[in-house]
Amino acid sequence: MRPRTEGGSRVEVAVREHAVLGEGPTWDPVAGRLIWVDILGSRVHTYAPGTGRRTVMATEQHVGAAKPTTDGGLVVNLRDGVGSYGTDGAFRWLLHDPVPGRRGNDAAVAPDGSLWAGTMRYDEAPGGGHLVRVDAATAEPTALFPSVTVSNGIGWCPLSPRVYYVDSPTRRVDVCDVADHLPVNRRPFVEIEPGAGFPDGLTVDAEGCVWVALWDGGQLRRYTPDGRLDRTVRLPVPRPTACAFGGPGLRDLYITTARSARRPAHPLAGSLLVLPDAGRGLPSPAFGG
């Protein structure tokens, strides 16, 4: 079967915004809202499609990701480590690990309720970042990949115990088996050809297919569990950063985007986009199990 390619006509604007580096969309089913961040703008955004209600919370550091917790708060991957905000807005560090020139980037909550949090250097020096697992009960860190460059998309397969992972400059989506909640046997899953952009954030749908955003590629791609490209969605902006299913039945695919150094910037760059009825997503666990 030939891959299906779609134009951007079905893609809609969910939230018109000018995020410098929009990232990390996550559906919060309890609150019925999407959570996403502007990393370099130090902002956590929420959007409830049922009501149109939006909130914006400033953070004191660059924020790579924000995910819901089981007690109604947020866990955040900041410049200097992983912390949490309670429902009253009070902040506390869970893992304080400042390294000059390094910041938090993408993160995801594992099926066991732990947080897998990635980092990168601001100058994107090779090997300057890492991926760490933060235990939900103890906040104890476990190094997963100690030497990566731009730690990005993470997603778990519903069909077998495996996890997908992106270190963007490699141009690959890798896959690992999962044993005792840890990744093992890391190997290439798909490789993105030169000129098509760099793999960034990803999500896995209910059929076990991997959706990946291509930075500087202006598109999303969907790969089947055996690594076959079966769908391409062309976007109106050059820098999509990540995607996640949300809304009723988890059928709408939300897409975060970033602005670029090009002038003038595309008017929708930095906005939150949505592809209605794109498929069916998987519920995202909250941090804490």
# chains A, B, ... in the order shown; residues from 1 in each chain; ligands from 1
>>> residues_around(residues="region 113-117 of chain A", least_positions_apart="4", cutoff="7 Å", atoms="only C-alpha atoms", output="PyMOL selection string")
chain A and resi 77+106-109+131-136+285-289
>>> residues_around(residues="Arg187 (chain A)", least_positions_apart="3", cutoff="7 Å", atoms="only C-alpha atoms", output="list in words")
Asp174, Val175 and Cys176 of chain A
>>> closest_residue(among="A:Arg79, A:Arg102, A:Arg171, A:Arg259", to="Leu21 (chain A)", atoms="only C-alpha atoms")
A:Arg259
>>> select_by_dssp(residues="region 109-191 of chain A", states="strand (DSSP E)", output="number ranges by chain")
A: 109, 115-121, 129-134, 141-148, 151-156, 162-167, 172-179, 182-191
>>> closest_residue(among="A:Asp230, A:Asp38, A:Asp205, A:Asp88", to="Leu250 (chain A)", atoms="only C-alpha atoms")
A:Asp205
>>> closest_residue(among="A:Leu159, A:Ala244, A:Ile154, A:Ala213", to="Ala258 (chain A)", atoms="only C-alpha atoms")
A:Ala213
>>> residues_around(residues="Gly127 (chain A)", least_positions_apart="4", cutoff="9 Å", atoms="only C-alpha atoms", output="VMD selection string")
chain A and resid 120 to 121 146 to 150
>>> write_last_selection(atoms="all heavy atoms", output="PDB file, in the first residue's frame")
ATOM      1  N   MET A 120      19.429  18.836  27.035  1.00  0.00           N
ATOM      2  CA  MET A 120      20.306  19.182  25.919  1.00  0.00           C
ATOM      3  C   MET A 120      21.090  20.427  26.302  1.00  0.00           C
ATOM      4  O   MET A 120      20.692  21.173  27.207  1.00  0.00           O
ATOM      5  CB  MET A 120      19.492  19.463  24.659  1.00  0.00           C
ATOM      6  CG  MET A 120      18.498  20.622  24.819  1.00  0.00           C
ATOM      7  SD  MET A 120      17.624  21.047  23.311  1.00  0.00           S
ATOM      8  CE  MET A 120      18.919  21.917  22.422  1.00  0.00           C
ATOM      9  N   ARG A 121      22.204  20.661  25.641  1.00  0.00           N
ATOM     10  CA  ARG A 121      22.930  21.892  25.840  1.00  0.00           C
ATOM     11  C   ARG A 121      22.337  22.971  24.939  1.00  0.00           C
ATOM     12  O   ARG A 121      21.827  22.702  23.852  1.00  0.00           O
ATOM     13  CB  ARG A 121      24.412  21.698  25.529  1.00  0.00           C
ATOM     14  CG  ARG A 121      25.150  20.862  26.575  1.00  0.00           C
ATOM     15  CD  ARG A 121      26.654  20.968  26.385  1.00  0.00           C
ATOM     16  NE  ARG A 121      27.119  22.347  26.443  1.00  0.00           N
ATOM     17  CZ  ARG A 121      27.383  23.008  27.575  1.00  0.00           C
ATOM     18  NH1 ARG A 121      27.226  22.429  28.744  1.00  0.00           N
ATOM     19  NH2 ARG A 121      27.815  24.260  27.528  1.00  0.00           N
ATOM     20  N   PRO A 146      23.020   8.280  28.929  1.00  0.00           N
ATOM     21  CA  PRO A 146      23.825   9.334  29.555  1.00  0.00           C
ATOM     22  C   PRO A 146      24.465  10.313  28.584  1.00  0.00           C
ATOM     23  O   PRO A 146      24.977  11.339  29.006  1.00  0.00           O
ATOM     24  CB  PRO A 146      24.897   8.545  30.301  1.00  0.00           C
ATOM     25  CG  PRO A 146      25.044   7.276  29.516  1.00  0.00           C
ATOM     26  CD  PRO A 146      23.679   6.968  28.988  1.00  0.00           C
ATOM     27  N   SER A 147      24.445  10.022  27.274  1.00  0.00           N
ATOM     28  CA  SER A 147      25.145  10.893  26.338  1.00  0.00           C
ATOM     29  C   SER A 147      24.345  11.016  25.041  1.00  0.00           C
ATOM     30  O   SER A 147      24.500  10.208  24.123  1.00  0.00           O
ATOM     31  CB  SER A 147      26.543  10.330  26.042  1.00  0.00           C
ATOM     32  OG  SER A 147      27.235  11.156  25.122  1.00  0.00           O
ATOM     33  N   VAL A 148      23.470  12.030  24.990  1.00  0.00           N
ATOM     34  CA  VAL A 148      22.698  12.329  23.794  1.00  0.00           C
ATOM     35  C   VAL A 148      22.875  13.810  23.481  1.00  0.00           C
ATOM     36  O   VAL A 148      23.434  14.563  24.276  1.00  0.00           O
ATOM     37  CB  VAL A 148      21.201  11.973  23.959  1.00  0.00           C
ATOM     38  CG1 VAL A 148      21.023  10.487  24.243  1.00  0.00           C
ATOM     39  CG2 VAL A 148      20.572  12.797  25.070  1.00  0.00           C
ATOM     40  N   THR A 149      22.391  14.237  22.337  1.00  0.00           N
ATOM     41  CA  THR A 149      22.618  15.632  21.933  1.00  0.00           C
ATOM     42  C   THR A 149      21.370  16.484  22.127  1.00  0.00           C
ATOM     43  O   THR A 149      21.386  17.454  22.875  1.00  0.00           O
ATOM     44  CB  THR A 149      23.096  15.688  20.476  1.00  0.00           C
ATOM     45  OG1 THR A 149      24.312  14.920  20.365  1.00  0.00           O
ATOM     46  CG2 THR A 149      23.387  17.121  20.048  1.00  0.00           C
ATOM     47  N   VAL A 150      20.269  16.135  21.470  1.00  0.00           N
ATOM     48  CA  VAL A 150      19.001  16.846  21.647  1.00  0.00           C
ATOM     49  C   VAL A 150      17.944  15.806  21.980  1.00  0.00           C
ATOM     50  O   VAL A 150      17.313  15.222  21.092  1.00  0.00           O
ATOM     51  CB  VAL A 150      18.614  17.648  20.393  1.00  0.00           C
ATOM     52  CG1 VAL A 150      17.288  18.375  20.611  1.00  0.00           C
ATOM     53  CG2 VAL A 150      19.694  18.659  20.029  1.00  0.00           C
TER      54      VAL A 150
END
>>> closest_residue(among="A:Glu60, A:Gly129, A:Gly24, A:Gly227", to="Pro240 (chain A)", atoms="only C-alpha atoms")
A:Gly24
>>> atom_distance(atom1="CA of Arg222 (chain A)", atom2="CA of Thr119 (chain A)")
25.2 Å
